[in-house]
Number of protein chains: 4
Amino acid sequence: MKKMIKVGIVGGSGYTGGELLRLLSFHPGAEVVAVTSRRFDGIPVSSVHAHLGKIYDLCFENLSLGEVAGRCDVVFTAVPHGSAMNMVPELLDSTMVIDLSADYRLPPMVFEQVYGLTHCDSREAVYGIPELYDVAGHALIANPGCYPTGAILAAAPLASERLLTSVVFDSKSGISGAGAEPTAVSHYPNMAENIQAYKLTTHRHTAEIVQELTRFDETLHSICFTPHIIPSVRGILTTAHLFTKKQLTSEEAVHLYKEFYRDKPFIRLRENVPSLPGVRGSNFCDIHIEVDKATNRVVVISVIDNLVKGASGQAIQNMNKMFNLDEVTGLWYGGLAP
Amino acid sequence: MKKMIKVGIVGGSGYTGGELLRLLSFHPGAEVVAVTSRRFDGIPVSSVHAHLGKIYDLCFENLSLGEVAGRCDVVFTAVPHGSAMNMVPELLDSTMVIDLSADYRLPPMVFEQVYGLTHCDSREAVYGIPELYDVAGHALIANPGCYPTGAILAAAPLASERLLTSVVFDSKSGISGAGAEPTAVSHYPNMAENIQAYKLTTHRHTAEIVQELTRFDETLHSICFTPHIIPSVRGILTTAHLFTKKQLTSEEAVHLYKEFYRDKPFIRLRENVPSLPGVRGSNFCDIHIEVDKATNRVVVISVIDNLVKGASGQAIQNMNKMFNLDEVTGLWYGGLAP
Amino acid sequence: MKKMIKVGIVGGSGYTGGELLRLLSFHPGAEVVAVTSRRFDGIPVSSVHAHLGKIYDLCFENLSLGEVAGRCDVVFTAVPHGSAMNMVPELLDSTMVIDLSADYRLPPMVFEQVYGLTHCDSREAVYGIPELYDVAGHALIANPGCYPTGAILAAAPLASERLLTSVVFDSKSGISGAGAEPTAVSHYPNMAENIQAYKLTTHRHTAEIVQELTRFDETLHSICFTPHIIPSVRGILTTAHLFTKKQLTSEEAVHLYKEFYRDKPFIRLRENVPSLPGVRGSNFCDIHIEVDKATNRVVVISVIDNLVKGASGQAIQNMNKMFNLDEVTGLWYGGLAP
Amino acid sequence: MKKMIKVGIVGGSGYTGGELLRLLSFHPGAEVVAVTSRRFDGIPVSSVHAHLGKIYDLCFENLSLGEVAGRCDVVFTAVPHGSAMNMVPELLDSTMVIDLSADYRLPPMVFEQVYGLTHCDSREAVYGIPELYDVAGHALIANPGCYPTGAILAAAPLASERLLTSVVFDSKSGISGAGAEPTAVSHYPNMAENIQAYKLTTHRHTAEIVQELTRFDETLHSICFTPHIIPSVRGILTTAHLFTKKQLTSEEAVHLYKEFYRDKPFIRLRENVPSLPGVRGSNFCDIHIEVDKATNRVVVISVIDNLVKGASGQAIQNMNKMFNLDEVTGLWYGGLAP
């Protein structure tokens with residue numbers, strides 16, 4: 001009989017925790033054996049995540065880190081920034097960890113500057129975009145931010161060729177990225193029929209984008225990122241305005257992306273401009289490339305589901321590679337459209 | 001090695017055809033071997049259904065009925081009302097059929113009156129709500145309409161006890177029920193931030209609802225149905241105002257539903273009022289029951305995904321029973337929420 | 001020079017207060033001279049209501065009741081239920097009052113039962129639906145609830161003829177009716193692409209509806225009301241299922257409504273089913289009537305903007321009548337469509 | 001008695017025609033005396049624009065140009081690109097014209113290249129952004145495109161100081177900009193919960209933007225524009241990424257905008273990032289400015305209602321100046337929020 005990966009989720013009551021549960025219910029090689037929550041201790045998982053009624057019998061538990069680690073082959077930490085660093089060291093004593101917070105995505109010093117928090121754990125993690133890094137063999141994976149996933153995948157092929165002079169990422173995200181707690185921004189009358197630009201020049205995800213693109217090309221200095229929230233629950237569309245050192249033809253640009261993403265199952269290069277329904281609920285990243293004839297600009301559109309490829313789905317893709325499964329295991333389905 | 005059910009889809013370019021494809025991609029015991037379309041002959045399925053890119057290599061084919069039937073163990077007919085009756089007799093010569101049109105849901109005379117079309121095939125089909133009928137052993141299943149599925153499941157337990165005097169179904173549907181072709185109603189500026197009541201007293205689905213409820217209780221005469229379209233792509237919420245012969249307590253009413261739907265995996269009785277995200281993309285029907293203390297009224301709320309439990313998912317549930325599989329095979333997942 | 005009505009608003013920071021300000025900016029015969037708020041004392045009105053930037057120079061003030069009354073010819077109280085009764089007596093000493101809360105809509109004993117609060121003021125007010133009552137000459141007007149406005153206007157012509165046996169109001173409201181404070185229900189991911197039924201049999205507005213319809217016909221006992229929230233900011237569509245003592249023809253029904261609403265400028269009888277954009281931002285109530293041939297049912301659809309005809313616009317219409325202005329003054333414009 | 005401007009609308013059945021009617025109903029100094037439509041000849045205006053029921057008694061008429069011109073002091077041409085040029089010369093013989101099409105926004109040669117149509121009228125018009133041009137005294141005003149209005153107003157203060165090196169306009173528009181005819185893009189299931197980038201590098205409005213910004217600074221060569229459609233009926237939010245020759249402080253940038261837009265009533269400079277509800281249905285353009293500390297970038301957010309300041313409202317503002325009225329006449333109200 002097939003051995004199942006035993007999975008734990010620390011912090012299972014939010015959107016990324018709920019999405020891990022939803023996605024893992026499709027996974028033929030993994031089963032969730034523990035979901036922690038202090039607030040919902042003893043409450044059925046499906047009382048909080050009503051959509052999972054009858055799918056899970058599991059209850060939230062208020063477990064110690066040792067208890068979780070003891071039960072599981074891998075633990076997903078879906079906790080606020082600044083919390084994971086207090087859990088990961090102990091968890092790693094006896095299990096593997098995929099951290100969905102920001103704590104291990106940046107060097108501690110950069111993290112402290114960007115997040116305004118003191119870091120207490122200097123260990124390194126692999127940055128978990130499996131299209132760019134070989135994450136197999138790592139015990140700790142830093143699952144990337146949602147915006148950086150869309151932005152980096154849109155620009156990586158050109159950055160890796162050191163062709164870029166400056167880039168403007170203008171990103172549009174569904175509001176689920178802001179979490180399950182109601183706020184003024186998420187208040188329906190404020191968000192419906194609207195679009196809200198925010199943190200025009202100061203969003204913390206900028207640091208991840210800069211870090212990853214300058215690994216490809218340390219001379220790339222002008223990296224701009226401005227996020228917006230659109231009236232959509234899920235999805236991020238990134239419009240990447242990529243200025244190049246020389247004018248490329250469309251064919252050259254497309255060819256470069258095809259080569260770069262050859263054998264990457266979750267990247268779909270599109271002839272038409274993609275949009276959110278195509279990836280809704282799925283782990284795909286759809287990418288489209290056009291060249292501006294008037295300026296040295298390549299416009300790349302990438303779309304992902306922020307909760308899947310931008311969070312929990314990518315985390316499971318990382319888990320698959322960590323355990324030497326085919327990376328598409330349990331993730332091989334298209335978007336919910338219409 | 002496990003034997004796969006070979007599936008054909010006649011009319012695969014619309015929403016129900018696309019949804020059959022999407023849902024069957026999860027099914028471990030069935031594979032789609034033919035999808036017909038005259039208009040898209042030779043075009044990849046994923047060119048029309050972009051969300052299924054990389055999931056299907058299949059192309060649409062302009063096949064004769066004999067060719068489809070010859071390849072398949074079962075054929076889903078996802079064609080306009082009035083078309084299926086011209087296909088089903090020939091298909092049934094060599095395969096099984098699940099018809100998603102209205103052609104076999106009503107006796108031919110009733111059909112002709114309601115749809116204003118001449119019927120050319122007098123054979124009977126089983127009405128495919130598997131919670132109410134044993135569909136196994138039938139070669140032809142008439143898959144129910146979306147509104148009737150939600151309405152009938154909301155009222156059946158009380159109707160079967162012959163407790164009802166009159167019923168008002170006030171239903172609210174997502175707009176995907178109106179199909180993939182743009183119309184004035186589906187024009188975004190007309191539908192956003194709106195709700196559109198239509199066919200207030202004359203919707204054709206009324207006939208199915210009346211037929212099924214009067215099978216339970218032929219004395220039930222006052223059955224009203226008024227549909228609305230809401231700014232949602234998927235989902236039907238039915239508010240069933242059910243007037244009873246005597247005042248029931250809440251406990252009695254809930255008990256009755258629990259007994260009636262015991263062992264029906266896709267019915268989830270809910271303590272809280274359910275809503276659409278809980279069933280979005282899934283085959284569940286969530287039901288909630290309250291008793292009006294002031295009048296002899298039981299208010300039942302049922303929610304389904306109109307394209308899944310209201311169409312393609314229920315069709316696959318029917319297929320499972322037709323082939324003696326567990327009815328949940330390939331359908332056991334919760335809604336896409338948030 | 002024309003004399004302007006001096007208007008005060010007690011509680012100006014919420015949606016109905018903001019809407020009074022917005023609508024009064026169109027009014028040629030009234031000007032807002034005081035807007036109170038404890039929380040925003042000294043803050044410009046346009047800091048809270050950004051859409052009114054440059055339109056109002058006014059600041060919120062933390063005024064005593066005497067100060068407000070002293071400055072104004074009429075005061076609108078846009079405060080929570082249970083608060084107005086503590087303000088109205090003092091205000092009435094020196095000004096007129098239009099109360100947008102529920103405090104004076106019901107007899108104190110009924111109010112106490114429905115709202116679970118003790119009432120401290122037994123004075124009577126006129127119920128402010130100007131299509132039904134002559135509000136001129138009253139110093140205190142109880143502005144009706146949003147749902148009751150739509151429901152009562154839909155049924156009044158038949159009720160006044162004592163033709164009804166039972167009625168089911170199935171109402172669908174935009175979410176602005178729930179106020180400006182973020183809640184789980186108003187959280188965008190919970191409300192988008194959804195519809196939420198609530199208080200299926202127990203909504204407090206039922207009492208107003210019952211009170212007003214039984215004034216027309218004290219034998220009418222079966223009055224049911226079930227509300228829903230739809231993904232729309234503004235608007236209420238009421239589906240009134242009206243069961244009649246005898247079968248009416250369409251012509252009879254329509255004729256009855258035409259007679260009843262002759263010379264009522266804000267009622268528009270529609271040949272097509274109306275919807276929300278037609279009344280968005282305006283004080284109209286659009287009504288459509290159909291007769292169900294199969295049952296003794298008249299289906300009436302009424303649509304209003306819940307913040308205008310359902311609250312602040314109707315309040316201004318009441319003010320106009322109170323001051324013997326043409327009732328359409330400052331309110332004569334159509335909906336914001338598309 | 002006050003003399004009223006007699007207004008004609010050629011092409012009154014679309015969104016901009018309907019919006020002219022809606023907005024002119026507020027105007028104290030103008031009245032619509034003729035609305036032409038071949039298709040709806042003899043039909044009441046309020047049959048097509050249901051929201052204007054009871055507001056207008058007018059019917060559409062199939063009038064000759066001479067008849068329209070003979071009745072009116074000014075004619076708005078709200079017709080497709082390429083049609084206006086065939087009407088304007090004759091209209092100008094006896095009336096003034098404000099053209100809402102693209103025909104007179106660009107020099108004929110540029111127009112022909114951009115729109116792929118032959119131009120037949122070489123007369124010049126003034127480009128109708130009244131914040132930038134003195135339109136009084138002109139008999140023909142070319143009313144600007146919706147995207148250009150938002151983009152040009154966002155960048156003009158910096159362009160006029162010749163401070164810019166390159167600009168990227170990333171614009172997000174409500175779908176009403178695409179007109180009243182249903183299309184695949186406007187189909188609700190395609191647009192809801194989505195965002196659609198299109199014409200990434202080739203939108204025709206680019207020419208207007210380039211024309212107007214290079215009038216300020218003929219050395220500005222890198223002007224990029226990429227449009228998107230968001231799930232909103234109305235509104236355009238433009239994110240202007242403006243790269244400057246030198247690093248500006250926030251104070252310098254804001255000061256520059258304040259000076260440039262001093263005495264421009266419809267420009268509201270905002271301390272917080274503005275969004276669409278603040279301007280919905282109104283003629284305001286709200287603008288917010290931030291400086292990116294890391295790069296020489298000023299990020300400017302501008303929001304307008306595409307049908308008002310982006311079309312019909314600006315046209316009326318132009319009319320006001322043409323007739324030496326205060327430019328805010330009939331336009332002085334805030335947005336419809338919530």
# chains A, B, ... in the order shown; residues from 1 in each chain; ligands from 1
>>> closest_atom_pairs(of="chain B", to="chain D", cutoff="9 Å", atoms="only C-alpha atoms", output="CSV")
residue,atom,partner,partner_atom,distance
B:Ile175,CA,D:Pro189,CA,7.1
B:Ser176,CA,D:Pro189,CA,6.5
B:Ala180,CA,D:Pro189,CA,8.1
B:Glu181,CA,D:Ala184,CA,7.6
B:Pro182,CA,D:His187,CA,5.2
B:Thr183,CA,D:Pro182,CA,5.8
B:Ala184,CA,D:Pro182,CA,5.9
B:Val185,CA,D:Pro182,CA,8.7
B:Ser186,CA,D:Tyr188,CA,5.2
B:His187,CA,D:His187,CA,5.0
B:Tyr188,CA,D:Tyr188,CA,4.7
B:Pro189,CA,D:Val233,CA,5.3
B:Asn190,CA,D:Val233,CA,8.8
B:Met191,CA,D:Tyr188,CA,7.0
B:Ala192,CA,D:Val233,CA,7.4
B:Pro231,CA,D:Tyr188,CA,8.0
B:Ser232,CA,D:Ala192,CA,7.8
B:Val233,CA,D:Pro189,CA,5.3
B:Arg234,CA,D:Pro189,CA,8.6
>>> residues_around(residues="region 23-36 of chain D", least_positions_apart="3", cutoff="7 Å", atoms="only C-alpha atoms", output="list in words")
Tyr333 of chain C; Met4, Ile5, Lys6, Val7, Gly8, Ile9, Val10, Gly11, Gly12, Glu19, Leu20, Phe60, Glu61, Asn62, Leu63, Val68, Thr329 and Gly330 of chain D
>>> residues_around(residues="Leu52 (chain A)", least_positions_apart="4", cutoff="8 Å", atoms="only C-alpha atoms", output="list of chain:residue names")
A:Arg22, A:Val45, A:Ser46, A:Tyr56, B:Gly278, B:Tyr333, B:Gly334, B:Gly335
>>> write_last_selection(atoms="N, CA and C atoms", output="CSV table (one decimal), in the first residue's frame")
chain,number,residue,atom,x,y,z
A,22,ARG,N,-8.2,22.6,1.5
A,22,ARG,CA,-9.0,22.3,0.3
A,22,ARG,C,-8.1,21.6,-0.8
A,45,VAL,N,-12.9,21.4,11.9
A,45,VAL,CA,-12.3,22.3,10.8
A,45,VAL,C,-13.5,22.8,9.9
A,46,SER,N,-14.5,22.0,9.7
A,46,SER,CA,-15.6,22.4,8.8
A,46,SER,C,-16.5,23.4,9.4
A,56,TYR,N,-13.8,16.9,5.6
A,56,TYR,CA,-12.9,16.7,6.7
A,56,TYR,C,-13.7,16.4,8.0
B,278,GLY,N,-19.9,28.1,-0.4
B,278,GLY,CA,-19.7,26.7,0.2
B,278,GLY,C,-19.9,25.6,-0.8
B,333,TYR,N,-15.2,16.7,-3.2
B,333,TYR,CA,-14.5,17.9,-2.8
B,333,TYR,C,-15.4,19.0,-2.5
B,334,GLY,N,-15.0,19.9,-1.6
B,334,GLY,CA,-15.9,21.0,-1.2
B,334,GLY,C,-15.8,22.2,-2.1
B,335,GLY,N,-16.5,23.2,-1.8
B,335,GLY,CA,-16.6,24.4,-2.6
B,335,GLY,C,-15.3,25.2,-2.7
>>> select_by_dssp(residues="region 125-272 of chain B", states="alpha helix (DSSP H)", output="ChimeraX atom specification")
/B:146-160,188-191,205-216,250-260
>>> decode(residues="region 104-176 of chain D", atoms="C-alpha atoms", output="compact mmCIF listing (two decimals), in the first residue's frame")
# COMPACT_ATOMS: atom_id res chain seq x y z
CA TYR D 104 -11.15 66.21 -34.33
CA ARG D 105 -8.79 65.31 -31.51
CA LEU D 106 -5.80 64.64 -33.74
CA PRO D 107 -4.50 66.25 -36.92
CA PRO D 108 -6.14 64.50 -39.90
CA MET D 109 -2.95 62.73 -40.93
CA VAL D 110 -2.38 61.34 -37.47
CA PHE D 111 -6.04 60.44 -37.20
CA GLU D 112 -5.89 58.51 -40.46
CA GLN D 113 -2.85 56.56 -39.34
CA VAL D 114 -4.23 55.72 -35.91
CA TYR D 115 -7.84 54.97 -36.85
CA GLY D 116 -7.27 53.55 -40.32
CA LEU D 117 -9.94 55.84 -41.76
CA THR D 118 -9.77 58.62 -44.35
CA HIS D 119 -10.45 62.06 -42.92
CA CYS D 120 -12.58 64.45 -44.97
CA ASP D 121 -12.47 67.65 -42.97
CA SER D 122 -9.29 69.55 -42.24
CA ARG D 123 -10.67 72.16 -39.89
CA GLU D 124 -9.10 72.44 -36.46
CA ALA D 125 -10.84 72.12 -33.15
CA VAL D 126 -9.72 72.99 -29.67
CA TYR D 127 -8.86 69.96 -27.53
CA GLY D 128 -11.44 70.11 -24.81
CA ILE D 129 -9.68 69.69 -21.50
CA PRO D 130 -10.76 72.99 -19.95
CA GLU D 131 -8.10 72.71 -17.26
CA LEU D 132 -5.47 72.99 -20.01
CA TYR D 133 -7.05 75.00 -22.80
CA ASP D 134 -9.21 78.07 -23.00
CA VAL D 135 -12.10 76.63 -24.94
CA ALA D 136 -14.28 79.72 -24.81
CA GLY D 137 -14.68 81.36 -28.18
CA HIS D 138 -14.39 78.16 -30.15
CA ALA D 139 -17.26 76.93 -32.28
CA LEU D 140 -15.94 73.36 -32.41
CA ILE D 141 -14.59 71.50 -29.43
CA ALA D 142 -13.02 68.07 -29.70
CA ASN D 143 -13.98 66.38 -26.47
CA PRO D 144 -11.08 64.19 -25.32
CA GLY D 145 -10.96 60.43 -24.89
CA CYS D 146 -11.60 58.96 -21.46
CA TYR D 147 -8.18 57.41 -20.93
CA PRO D 148 -6.33 60.53 -22.16
CA THR D 149 -8.30 62.75 -19.77
CA GLY D 150 -7.16 60.73 -16.76
CA ALA D 151 -3.61 60.27 -18.00
CA ILE D 152 -2.95 63.81 -19.17
CA LEU D 153 -4.34 65.39 -16.00
CA ALA D 154 -2.08 63.07 -13.97
CA ALA D 155 1.09 64.07 -15.79
CA ALA D 156 0.54 67.61 -17.05
CA PRO D 157 2.03 69.50 -14.08
CA LEU D 158 5.32 67.61 -14.33
CA ALA D 159 5.36 67.64 -18.13
CA SER D 160 4.76 71.37 -18.22
CA GLU D 161 7.89 71.82 -16.10
CA ARG D 162 9.80 69.60 -18.53
CA LEU D 163 10.80 67.38 -15.65
CA LEU D 164 9.95 64.03 -17.18
CA THR D 165 12.23 61.48 -18.80
CA SER D 166 9.74 58.69 -19.37
CA VAL D 167 6.24 57.79 -18.30
CA VAL D 168 4.23 54.58 -17.98
CA PHE D 169 0.46 54.98 -17.76
CA ASP D 170 -1.11 51.81 -16.47
CA SER D 171 -4.85 52.47 -16.66
CA LYS D 172 -7.81 50.55 -15.31
CA SER D 173 -11.22 51.30 -16.73
CA GLY D 174 -14.77 50.34 -15.97
CA ILE D 175 -16.40 48.46 -18.80
CA SER D 176 -18.98 51.09 -19.73
